[in-house]
Structures are given as structure tokens and as C-alpha cells.
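Chemist: Input structure_32.cif, format and content: mmCIF, C-alpha atoms.
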```cif
data_data
loop_
_atom_site.label_atom_id
_atom_site.label_comp_id
_atom_site.auth_asym_id
_atom_site.auth_seq_id
_atom_site.Cartn_x
_atom_site.Cartn_y
_atom_site.Cartn_z
CA MET R 1 34.35 45.60 -8.21
CA SER R 2 30.96 45.21 -6.83
CA GLN R 3 29.82 41.65 -6.57
CA ALA R 4 26.24 42.76 -6.66
CA SER R 5 26.32 43.56 -10.37
CA VAL R 6 27.15 39.99 -11.35
CA ALA R 7 25.61 38.20 -8.43
CA THR R 8 23.71 35.15 -9.60
CA PRO R 9 20.12 35.40 -8.58
CA ARG R 10 18.83 32.62 -6.38
CA PRO R 11 17.75 29.92 -8.78
CA VAL R 12 14.06 29.91 -9.39
CA HIS R 13 12.66 26.62 -8.27
CA ILE R 14 9.93 25.44 -10.48
CA ARG R 15 7.79 23.02 -8.61
CA ILE R 16 5.60 21.02 -10.86
CA PRO R 17 2.24 20.73 -9.11
CA LEU R 18 1.41 17.19 -8.06
CA ARG R 19 -2.03 17.51 -9.60
CA GLU R 20 -0.35 17.85 -12.95
CA ILE R 21 2.01 14.94 -12.36
CA VAL R 22 -0.45 12.32 -11.15
CA PRO R 23 -2.27 11.52 -14.43
CA TRP R 24 1.00 11.29 -16.31
CA ALA R 25 2.50 9.19 -13.55
CA ILE R 26 -0.34 6.70 -13.77
CA PHE R 27 -0.28 6.61 -17.55
CA ALA R 28 3.47 6.27 -17.92
CA GLY R 29 3.79 4.09 -14.84
CA VAL R 30 1.40 1.45 -16.15
CA LEU R 31 3.02 1.44 -19.59
CA ALA R 32 6.51 1.28 -18.11
CA LEU R 33 5.66 -1.58 -15.77
CA LEU R 34 4.12 -3.48 -18.68
CA VAL R 35 7.29 -3.02 -20.72
CA LEU R 36 9.45 -4.01 -17.77
CA PHE R 37 7.35 -7.12 -17.27
CA PHE R 38 7.92 -8.22 -20.85
CA VAL R 39 11.62 -7.54 -20.67
CA SER R 40 12.11 -9.15 -17.30
CA THR R 41 9.59 -11.87 -16.65
CA GLU R 42 7.29 -12.91 -19.51
CA ALA R 43 7.75 -16.57 -20.32
CA GLY R 44 10.15 -16.91 -17.43
CA ALA R 45 8.37 -17.38 -14.15
CA VAL R 46 5.02 -16.32 -15.60
CA GLU R 47 3.74 -16.73 -19.10
CA LEU R 48 0.73 -14.67 -20.08
CA PHE R 49 0.86 -15.29 -23.79
CA GLY R 50 1.36 -18.64 -25.40
CA THR R 51 4.39 -17.54 -27.33
CA ASN R 52 6.33 -20.67 -26.49
CA GLY R 53 9.04 -18.58 -24.92
CA LEU R 54 9.56 -16.42 -27.99
CA ILE R 55 9.72 -13.17 -26.03
CA HIS R 56 11.98 -14.77 -23.48
CA GLU R 57 14.33 -16.04 -26.15
CA PHE R 58 14.36 -12.72 -27.97
CA VAL R 59 15.27 -10.54 -25.01
CA HIS R 60 17.27 -13.36 -23.43
CA ASP R 61 20.68 -11.69 -23.38
CA GLY R 62 19.33 -8.40 -22.17
CA ARG R 63 17.48 -10.14 -19.39
CA HIS R 64 20.61 -11.90 -18.21
CA LEU R 65 22.83 -8.85 -18.47
CA LEU R 66 20.32 -6.55 -16.75
CA ALA R 67 20.51 -8.93 -13.78
CA PHE R 68 16.97 -10.32 -13.90
CA PRO R 69 16.48 -13.93 -12.88
CA CYS R 70 16.29 -15.89 -16.11
CA HIS R 71 15.62 -19.65 -16.12
CA MET M 1 5.13 17.46 -17.38
CA ARG M 2 4.62 16.12 -20.88
CA THR M 3 7.85 17.72 -22.09
CA LEU M 4 9.70 16.22 -19.14
CA LEU M 5 8.25 12.80 -19.85
CA VAL M 6 9.26 12.99 -23.50
CA ARG M 7 12.74 14.02 -22.45
CA GLY M 8 12.87 11.13 -20.01
CA LEU M 9 12.05 8.71 -22.81
CA LEU M 10 14.64 10.37 -25.02
CA ALA M 11 17.30 10.14 -22.33
CA GLY M 12 16.27 6.53 -21.77
CA LEU M 13 16.73 5.80 -25.45
CA VAL M 14 20.22 7.29 -25.47
CA ALA M 15 21.09 5.40 -22.29
CA GLY M 16 19.71 2.18 -23.75
CA VAL M 17 21.81 2.46 -26.89
CA LEU M 18 24.96 3.18 -24.90
CA ALA M 19 24.28 0.35 -22.46
CA THR M 20 23.60 -2.02 -25.34
CA GLY M 21 26.92 -1.11 -26.91
CA PHE M 22 28.67 -1.73 -23.62
CA ALA M 23 26.83 -5.00 -23.03
CA TYR M 24 27.61 -6.18 -26.56
CA PHE M 25 31.34 -5.69 -26.21
CA PHE M 26 31.82 -6.54 -22.54
CA GLY M 27 28.91 -8.77 -21.62
CA GLU M 28 28.35 -10.98 -24.63
CA PRO M 29 31.71 -12.81 -24.45
CA SER M 30 30.88 -14.24 -21.04
CA VAL M 31 27.30 -15.03 -22.10
CA ASP M 32 28.71 -16.98 -25.05
CA ALA M 33 31.21 -18.71 -22.80
CA SER M 34 28.45 -19.70 -20.37
CA ILE M 35 26.26 -21.02 -23.13
CA SER M 36 29.02 -23.18 -24.49
CA ILE M 37 29.56 -24.55 -20.99
CA GLU M 38 25.83 -25.16 -20.73
CA GLU M 39 25.77 -27.00 -24.01
CA ALA M 40 28.85 -29.02 -23.29
CA GLY M 41 26.95 -30.28 -20.26
CA THR M 42 29.88 -29.76 -17.95
CA SER M 43 27.62 -28.13 -15.41
CA ALA M 44 26.80 -30.77 -12.85
CA HIS M 45 23.23 -29.72 -12.25
CA GLY M 46 22.35 -27.79 -15.30
CA HIS M 47 18.86 -27.27 -16.53
CA GLU M 48 16.59 -30.04 -15.55
CA HIS M 49 14.73 -29.59 -18.77
CA SER M 50 17.71 -29.47 -21.05
CA GLY M 51 17.59 -33.12 -21.84
CA PRO M 52 17.66 -34.38 -25.38
CA ALA M 53 13.91 -33.84 -25.65
CA ASP M 54 14.25 -30.12 -25.01
CA THR M 55 13.40 -27.96 -27.96
CA GLY M 56 11.87 -24.74 -26.79
CA HIS M 57 14.48 -23.45 -24.45
CA GLY M 58 17.87 -24.21 -25.86
CA HIS M 59 20.43 -21.53 -26.43
CA GLY M 60 21.81 -21.89 -29.89
CA HIS M 61 20.49 -25.38 -30.44
CA GLU M 62 19.78 -26.11 -34.05
CA GLU M 63 16.07 -25.84 -33.51
CA ALA M 64 16.27 -22.79 -31.26
CA LEU M 65 13.47 -20.29 -31.59
CA VAL M 66 15.79 -17.34 -31.88
CA SER M 67 19.33 -17.67 -33.14
CA ARG M 68 22.28 -16.59 -31.03
CA GLY M 69 23.14 -13.98 -33.63
CA THR M 70 19.74 -12.39 -33.17
CA GLN M 71 19.78 -12.73 -29.40
CA SER M 72 23.11 -11.01 -29.02
CA THR M 73 22.32 -8.10 -31.33
CA ILE M 74 18.71 -7.10 -32.05
CA GLY M 75 17.41 -9.03 -29.08
CA LEU M 76 19.91 -7.39 -26.77
CA LEU M 77 19.10 -3.95 -28.16
CA THR M 78 15.37 -4.58 -27.81
CA GLY M 79 15.65 -5.87 -24.27
CA VAL M 80 18.03 -3.22 -22.97
CA GLY M 81 16.41 -0.48 -25.06
CA ALA M 82 12.89 -1.25 -23.84
CA TYR M 83 14.12 -1.45 -20.27
CA ALA M 84 15.92 1.88 -20.60
CA LEU M 85 12.90 3.51 -22.22
CA ALA M 86 10.62 2.38 -19.42
CA VAL M 87 13.13 3.41 -16.77
CA GLY M 88 13.51 6.76 -18.52
CA GLY M 89 9.78 7.39 -18.28
CA LEU M 90 9.63 6.44 -14.61
CA PHE M 91 12.74 8.51 -14.00
CA ALA M 92 11.11 11.60 -15.48
CA ILE M 93 8.13 11.19 -13.15
CA ALA M 94 10.30 10.67 -10.10
CA PHE M 95 12.29 13.72 -11.10
CA ALA M 96 9.15 15.83 -11.51
CA VAL M 97 7.98 14.88 -8.03
CA LEU M 98 11.37 15.40 -6.42
CA HIS M 99 12.55 18.55 -8.13
CA GLY M 100 12.12 21.59 -5.94
CA ARG M 101 10.65 19.50 -3.12
CA VAL M 102 13.56 17.56 -1.68
CA GLY M 103 16.37 20.06 -1.52
CA ALA M 104 16.71 23.12 -3.72
CA LEU M 105 19.10 21.95 -6.40
CA ARG M 106 19.63 22.71 -10.06
CA PRO M 107 17.78 20.37 -12.39
CA ARG M 108 20.90 18.63 -13.63
CA LEU M 109 22.14 18.04 -10.10
CA THR M 110 18.78 16.66 -9.03
CA SER M 111 18.87 14.40 -12.05
CA ALA M 112 22.39 13.15 -11.40
CA LEU M 113 21.69 12.50 -7.72
CA LEU M 114 18.41 10.79 -8.50
CA ALA M 115 20.11 8.54 -11.03
CA ALA M 116 22.87 7.67 -8.58
CA GLY M 117 20.38 6.96 -5.83
CA ALA M 118 18.11 4.93 -8.07
CA PHE M 119 21.04 2.90 -9.33
CA VAL M 120 22.04 2.02 -5.78
CA VAL M 121 18.48 1.26 -4.64
CA VAL M 122 17.10 -0.53 -7.70
CA VAL M 123 20.22 -2.22 -9.05
CA LEU M 124 23.24 -2.28 -6.75
CA VAL M 125 21.63 -3.33 -3.47
CA PRO M 126 19.48 -6.08 -5.03
CA PHE M 127 22.55 -7.18 -6.99
CA LEU M 128 24.55 -7.60 -3.80
CA LYS M 129 21.94 -9.98 -2.43
CA TYR M 130 20.74 -11.70 -5.60
CA PRO M 131 23.46 -11.19 -8.20
CA ALA M 132 22.97 -11.59 -11.93
CA ASN M 133 23.54 -15.07 -13.24
CA PRO M 134 24.82 -16.11 -16.63
CA PRO M 135 23.11 -18.87 -18.61
CA ALA M 136 23.92 -22.32 -17.20
CA VAL M 137 23.68 -20.97 -13.65
CA GLY M 138 20.33 -21.43 -11.97
CA GLN M 139 17.96 -24.38 -11.99
CA SER M 140 14.85 -24.05 -14.06
CA GLY M 141 12.74 -25.55 -11.27
CA THR M 142 13.39 -22.62 -8.97
CA ILE M 143 12.74 -19.79 -11.43
CA GLY M 144 9.45 -18.94 -9.74
CA ASP M 145 11.03 -18.61 -6.31
CA ARG M 146 14.03 -16.75 -7.61
CA THR M 147 11.89 -14.29 -9.52
CA SER M 148 9.62 -13.56 -6.57
CA LEU M 149 12.52 -13.22 -4.16
CA TYR M 150 14.35 -10.90 -6.51
CA PHE M 151 11.40 -8.62 -7.14
CA ALA M 152 10.40 -8.69 -3.48
CA PHE M 153 13.87 -7.54 -2.58
CA VAL M 154 13.80 -4.77 -5.19
CA ALA M 155 10.38 -3.66 -3.94
CA LEU M 156 11.58 -3.71 -0.33
CA SER M 157 14.67 -1.70 -1.24
CA LEU M 158 12.56 0.85 -3.08
CA THR M 159 10.03 1.14 -0.24
CA VAL M 160 12.67 1.52 2.45
CA ALA M 161 14.49 4.09 0.31
CA LEU M 162 11.31 6.13 -0.16
CA ILE M 163 10.66 6.08 3.57
CA ALA M 164 14.28 7.05 4.17
CA VAL M 165 13.98 10.00 1.78
CA GLY M 166 10.83 11.15 3.57
CA ALA M 167 12.43 10.71 6.98
CA GLY M 168 15.60 12.46 5.86
CA HIS M 169 13.55 15.35 4.58
CA ALA M 170 11.71 15.59 7.90
CA LEU M 171 14.92 15.28 9.94
CA ALA M 172 16.68 17.92 7.86
CA GLY M 173 14.60 20.53 9.69
CA PRO M 174 15.76 19.90 13.26
CA LEU M 175 19.14 18.27 12.52
CA GLY M 176 20.26 19.99 9.34
CA ALA M 177 20.42 18.54 5.84
CA TRP M 178 23.77 16.81 6.31
CA ARG M 179 22.97 14.98 9.53
CA GLY M 180 19.39 14.27 8.60
CA GLY M 181 20.44 12.88 5.22
CA LEU M 182 23.21 10.75 6.70
CA LEU M 183 20.91 9.40 9.37
CA ALA M 184 18.32 8.43 6.77
CA MET M 185 20.92 6.76 4.56
CA GLY M 186 22.35 4.92 7.53
CA ALA M 187 18.90 3.68 8.46
CA TYR M 188 18.37 2.47 4.89
CA VAL M 189 21.65 0.55 4.97
CA VAL M 190 20.87 -1.05 8.34
CA VAL M 191 17.34 -2.10 7.36
CA MET M 192 18.49 -3.53 4.04
CA ALA M 193 21.41 -5.35 5.65
CA VAL M 194 19.07 -6.98 8.17
CA ALA M 195 16.60 -7.89 5.42
CA ALA M 196 19.37 -9.34 3.28
CA ALA M 197 20.59 -11.41 6.19
CA LEU M 198 17.09 -12.76 6.87
CA MET M 199 16.03 -13.51 3.32
CA PRO M 200 16.85 -16.89 1.81
CA VAL M 201 20.14 -17.42 0.04
CA ILE M 202 20.15 -18.44 -3.59
CA ASP M 203 23.29 -20.17 -4.72
CA GLU M 204 22.85 -22.35 -7.73
CA VAL M 205 26.23 -22.01 -9.34
CA PRO M 206 27.02 -25.49 -10.57
CA ASP M 207 30.17 -27.29 -9.49
CA GLY M 208 32.96 -26.70 -11.93
CA PHE M 209 31.54 -23.52 -13.40
CA PRO M 210 34.58 -21.30 -14.03
CA GLY M 211 34.82 -18.55 -11.44
CA SER M 212 36.38 -16.15 -13.89
CA THR M 213 33.43 -16.43 -16.28
CA LEU M 214 31.03 -15.81 -13.42
CA TRP M 215 33.07 -12.81 -12.34
CA THR M 216 33.32 -11.26 -15.81
CA PHE M 217 29.62 -11.84 -16.41
CA ARG M 218 28.58 -10.25 -13.15
CA THR M 219 30.89 -7.26 -13.41
CA ALA M 220 29.79 -6.72 -17.01
CA SER M 221 26.17 -6.94 -15.93
CA LEU M 222 26.64 -4.41 -13.15
CA ALA M 223 28.68 -2.13 -15.40
CA THR M 224 25.99 -2.27 -18.09
CA GLN M 225 23.49 -1.01 -15.54
CA LEU M 226 25.97 1.63 -14.38
CA VAL M 227 26.42 2.89 -17.95
CA LEU M 228 22.66 2.96 -18.39
CA TRP M 229 21.90 4.93 -15.24
CA THR M 230 24.83 7.30 -15.62
CA ALA M 231 23.83 8.16 -19.16
CA LEU M 232 20.21 8.50 -18.12
CA GLY M 233 21.00 10.84 -15.24
CA LEU M 234 23.35 13.07 -17.20
CA VAL M 235 21.38 13.23 -20.45
CA PHE M 236 18.09 13.82 -18.69
CA GLY M 237 19.73 16.44 -16.49
CA ALA M 238 21.00 18.34 -19.51
CA LEU M 239 17.59 18.16 -21.19
CA ALA M 240 15.66 19.10 -18.06
CA GLU M 241 17.95 22.03 -17.49
CA ARG M 242 16.86 23.51 -20.79
CA VAL M 243 13.18 23.11 -19.98
CA LEU M 244 13.17 24.24 -16.38
CA ARG M 245 15.66 27.06 -16.59
CA PRO M 246 14.85 28.74 -19.85
CA GLY M 247 16.24 31.99 -18.54
CA ALA M 248 19.75 30.59 -18.30
CA ALA M 249 20.35 30.03 -22.01
CA PRO M 250 19.02 33.09 -23.88
CA ALA M 251 19.59 36.78 -23.14
CA PRO M 252 23.07 36.81 -24.68
CA ALA M 253 23.74 40.37 -23.54
CA GLU M 254 24.37 39.44 -19.93
CA ALA M 255 24.35 35.69 -20.10
CA PRO M 256 28.05 34.86 -20.75
CA ALA M 257 29.38 35.98 -17.39
CA GLU M 258 26.48 34.43 -15.64
CA ALA M 259 26.65 31.18 -17.55
CA GLY M 260 30.33 30.89 -16.77
CA ARG M 261 29.62 31.05 -13.08
CA ARG M 262 27.16 28.27 -13.10
#
```
Could you express the structure from this file as C-alpha cells?
Modeler:
Amino acid sequence: MSQASVATPRPVHIRIPLREIVPWAIFAGVLALLVLFFVSTEAGAVELFGTNGLIHEFVHDGRHLLAFPCH
Amino acid sequence: MRTLLVRGLLAGLVAGVLATGFAYFFGEPSVDASISIEEAGTSAHGHEHSGPADTGHGHGHEEALVSRGTQSTIGLLTGVGAYALAVGGLFAIAFAVLHGRVGALRPRLTSALLAAGAFVVVVLVPFLKYPANPPAVGQSGTIGDRTSLYFAFVALSLTVALIAVGAGHALAGPLGAWRGGLLAMGAYVVVMAVAAALMPVIDEVPDGFPGSTLWTFRTASLATQLVLWTALGLVFGALAERVLRPGAAPAPAEAPAEAGRR
């Protein structure tokens, strides 16, 4: 029983080039931070839109349970 | 990269739905209990603004903007789902940067370790210093301070962790991966412990607030995050595995023996 016949080849490590990541990182990063801001902070400590706390009230339970400071 | 990002969002969506389900069954009872305490006014220093004139901010008052039924279902799903989606996207990017650079691990192992690490750095450590609070805990006057302190602590934790990862990677050369990694983790713990000791304490739990409700709320909150990150790490790992190791799945002639070994 030769081990060589079934030996697993060293896994090929695909490195995604940073040049390819950066634009996506900026794009998705900005969007993600915007979403996180609305879930976590809008109409709490800071209110950008005059929604009278609508967003805060709507995501209220999620905000509490995800451990963000909430009123 | 685009496929990875899409898969990150997908994994985030799955994680968000699971975490919402968990939060609905395990978190909502203590939220409801806290709100009824808040409304009964038993909390000694409750909301400064929750006088009779308050309209905008009540929980379940008659004239509330959003009903409790909506808050605890669609609202919860929206909040947790959006959070998970955003985290999923960021997770995919972090994974893309890390994979093949820090350690030579399989995609699903990288994903699982990244999720575990991110949970500790972004959720657990900040939670230990500034834990989640149910409604009725926390004075409305200090929301600004509490928010900045919380996010500052999260940012600090993230920064120190990134430096620690870089340092661990550099130390792995001369000291070996095990020692270098442990040293970096130890340094992270020490720095964060010192920072936590120096940063201001927030304790606004009102007198007479039931300890058991606080406990169940906080454990449920932490567990919700744990469900979210676990699901994210495992689902994304499985998806990334299929993108990054396309050779592993097909080629049925010789694959079975090989697949079994992996």
C-alpha cells in the first residue's frame, strides 16, 4: 500500500490580489457601515433624518438584543 | 472577489434569519418583561423623558410610533437581518484579505477561525466592558456618552486585534506559529484589560430592577450574537470552499477517496 498514490496534494492557496479587493472593500465597506449606522445609532445618539425616531423604534428590539446602546 | 462578496451577503442573510429566530424565542421575553417594568415606573431613575408628556419614545404606549407586535417581529428581523447582511459583507472582505496570507488554511477553517476571532473582538470583549442593556436600563441623558464610549471601545478592540494579528504573523517567523500566535493574543488581552480598567464605568441599572431579567436579557443578547457569528462563519466557509477549491468537488473518478480524507 503505497501512500503516494492517494496522498493529498498540498492545498493550492489562492491568494486574492489586494488590488482586486480594494475597490470592493471600499464599496461594500461604505454600504455596510451605513447600514450598521442605521441599525445601531440613527435617532439614538445622532439623528440625521427627521424621522421622529421611526427608525429607532422600528429596529428597537434588534438594537437592544445586538448589544448596542439604546436610549 | 465579487462571488465571495455575494456569498458573504448570502451567509449573512442565513445568519440573520437564524439569529432573529433565536432572539425572538429567547430574547423577546426579557425585553417584554423590561418594558413592562419600565411602564410600571418601578425603576427608580427611569427615562427622564418618559413623563406623561412623552409621546415619541414610549414602548408600547397607545400612541407609540411602532407597535410592540411590529417591533418584536418585523422590526427585529429587519434590525438583526440588516446587521447580519452588513457584517456578512465585511466578513467576506476580511476573509479575502486574510485567506492565504495569514496561515495556510483551508477556506472553511479560515472562515470559522475568522468568525470566532471577530466574535471575540467585536462582540464579546466590548460586551464584557459595556454589556447590553434591556429597555428601562440606561438614562436617556447619557445616550451620547454611552454610544461614543461603546463604539470607541469596539474600535480600540478592533485596532489592537489587527495589530496583534500583524505582530503574531511577524513573530511566527522567529518563534514559530504557536508561540508567536499566543504571544500576540496575550498582548491583545493585556492591552484590552488595561484599557477596560482605565475607561469609565457605565452602570445605570436602576434600583429594584430584577437581576434575573437583566441576566436573561444579557445572556440572550450574547447568545444571539453567538448564533449569528457561528452561522456566518460556517455557512460562509462552506460557500467559500466551493469557490476557492473547485478541484475538490468534481472529478468523481478519483475524488471519493480524496474527499473522505479531507
Chemist: If the cut-off is 7 Å, can you tell me the residues of chain M near chain R, counting all atoms listed in the file? I'd like them as a PDB file with C-alpha atoms, in the frame of the given file.
Modeler:
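Printed below is part-v3.pdb as written:
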```
ATOM      1  CA  MET M   1       5.130  17.460 -17.380  1.00  0.00           C
ATOM      2  CA  GLY M  27      28.910  -8.770 -21.620  1.00  0.00           C
ATOM      3  CA  GLY M  56      11.870 -24.740 -26.790  1.00  0.00           C
ATOM      4  CA  LEU M  65      13.470 -20.290 -31.590  1.00  0.00           C
ATOM      5  CA  VAL M  66      15.790 -17.340 -31.880  1.00  0.00           C
ATOM      6  CA  GLN M  71      19.780 -12.730 -29.400  1.00  0.00           C
ATOM      7  CA  SER M  72      23.110 -11.010 -29.020  1.00  0.00           C
ATOM      8  CA  GLY M  75      17.410  -9.030 -29.080  1.00  0.00           C
ATOM      9  CA  LEU M  76      19.910  -7.390 -26.770  1.00  0.00           C
ATOM     10  CA  THR M  78      15.370  -4.580 -27.810  1.00  0.00           C
ATOM     11  CA  GLY M  79      15.650  -5.870 -24.270  1.00  0.00           C
ATOM     12  CA  VAL M  80      18.030  -3.220 -22.970  1.00  0.00           C
ATOM     13  CA  ALA M  82      12.890  -1.250 -23.840  1.00  0.00           C
ATOM     14  CA  TYR M  83      14.120  -1.450 -20.270  1.00  0.00           C
ATOM     15  CA  ALA M  86      10.620   2.380 -19.420  1.00  0.00           C
ATOM     16  CA  GLY M  89       9.780   7.390 -18.280  1.00  0.00           C
ATOM     17  CA  LEU M  90       9.630   6.440 -14.610  1.00  0.00           C
ATOM     18  CA  ILE M  93       8.130  11.190 -13.150  1.00  0.00           C
ATOM     19  CA  ALA M  96       9.150  15.830 -11.510  1.00  0.00           C
ATOM     20  CA  VAL M  97       7.980  14.880  -8.030  1.00  0.00           C
ATOM     21  CA  HIS M  99      12.550  18.550  -8.130  1.00  0.00           C
ATOM     22  CA  GLY M 100      12.120  21.590  -5.940  1.00  0.00           C
ATOM     23  CA  PRO M 131      23.460 -11.190  -8.200  1.00  0.00           C
ATOM     24  CA  ALA M 132      22.970 -11.590 -11.930  1.00  0.00           C
ATOM     25  CA  ASN M 133      23.540 -15.070 -13.240  1.00  0.00           C
ATOM     26  CA  PRO M 134      24.820 -16.110 -16.630  1.00  0.00           C
ATOM     27  CA  GLY M 138      20.330 -21.430 -11.970  1.00  0.00           C
ATOM     28  CA  GLN M 139      17.960 -24.380 -11.990  1.00  0.00           C
ATOM     29  CA  SER M 140      14.850 -24.050 -14.060  1.00  0.00           C
ATOM     30  CA  ILE M 143      12.740 -19.790 -11.430  1.00  0.00           C
ATOM     31  CA  GLY M 144       9.450 -18.940  -9.740  1.00  0.00           C
ATOM     32  CA  ARG M 146      14.030 -16.750  -7.610  1.00  0.00           C
ATOM     33  CA  THR M 147      11.890 -14.290  -9.520  1.00  0.00           C
ATOM     34  CA  SER M 221      26.170  -6.940 -15.930  1.00  0.00           C
ATOM     35  CA  GLN M 225      23.490  -1.010 -15.540  1.00  0.00           C
ATOM     36  CA  LEU M 244      13.170  24.240 -16.380  1.00  0.00           C
ATOM     37  CA  GLU M 258      26.480  34.430 -15.640  1.00  0.00           C
TER      38      GLU M 258
END
```
Chemist: Hey, can you check how far CA of Leu128 in chain M sits from CA of Ser34 in chain M?
Modeler: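 That distance, rounded to one decimal, is 20.9 Å.
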Chemist: Once the PyMOL selection byres ((chain M and resi 14) around 10) has been evaluated on this model, what residues remain selected, and can you format them as a ChimeraX atom specification?
Modeler: /M:8-13,15-20,81,84-85,88,228,231-232,235-236
Chemist: Print the selection's residues with C-alpha atoms to a file, as a PDB file, in the coordinates of the input.
Modeler:
```
ATOM      1  CA  GLY M   8      12.870  11.130 -20.010  1.00  0.00           C
ATOM      2  CA  LEU M   9      12.050   8.710 -22.810  1.00  0.00           C
ATOM      3  CA  LEU M  10      14.640  10.370 -25.020  1.00  0.00           C
ATOM      4  CA  ALA M  11      17.300  10.140 -22.330  1.00  0.00           C
ATOM      5  CA  GLY M  12      16.270   6.530 -21.770  1.00  0.00           C
ATOM      6  CA  LEU M  13      16.730   5.800 -25.450  1.00  0.00           C
ATOM      7  CA  ALA M  15      21.090   5.400 -22.290  1.00  0.00           C
ATOM      8  CA  GLY M  16      19.710   2.180 -23.750  1.00  0.00           C
ATOM      9  CA  VAL M  17      21.810   2.460 -26.890  1.00  0.00           C
ATOM     10  CA  LEU M  18      24.960   3.180 -24.900  1.00  0.00           C
ATOM     11  CA  ALA M  19      24.280   0.350 -22.460  1.00  0.00           C
ATOM     12  CA  THR M  20      23.600  -2.020 -25.340  1.00  0.00           C
ATOM     13  CA  GLY M  81      16.410  -0.480 -25.060  1.00  0.00           C
ATOM     14  CA  ALA M  84      15.920   1.880 -20.600  1.00  0.00           C
ATOM     15  CA  LEU M  85      12.900   3.510 -22.220  1.00  0.00           C
ATOM     16  CA  GLY M  88      13.510   6.760 -18.520  1.00  0.00           C
ATOM     17  CA  LEU M 228      22.660   2.960 -18.390  1.00  0.00           C
ATOM     18  CA  ALA M 231      23.830   8.160 -19.160  1.00  0.00           C
ATOM     19  CA  LEU M 232      20.210   8.500 -18.120  1.00  0.00           C
ATOM     20  CA  VAL M 235      21.380  13.230 -20.450  1.00  0.00           C
ATOM     21  CA  PHE M 236      18.090  13.820 -18.690  1.00  0.00           C
TER      22      PHE M 236
END
```
Chemist: What does the distance from CA of Ala92 in chain M to CA of Val6 in chain M come to in Å, to one decimal?
Modeler: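 Value for the CA of Ala92 in chain M-CA of Val6 in chain M distance: 8.3 Å.
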Chemist: Taking the file above as input, evaluate the PyMOL selection byres ((chain M and resi 120) around 12) and report the hits as a VMD selection string.
Modeler: chain M and resid 113 to 119 121 to 128 154 157 to 158 161 185 188 to 189 192 222 225 to 226 229 to 230
Chemist: Report, in Å to a single decimal, how far apart CA of Phe22 in chain M and CA of Ala223 in chain M are.
Modeler: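 Taking CA of Ala223 in chain M as the start and CA of Phe22 in chain M as the end point, the length is 8.2 Å.
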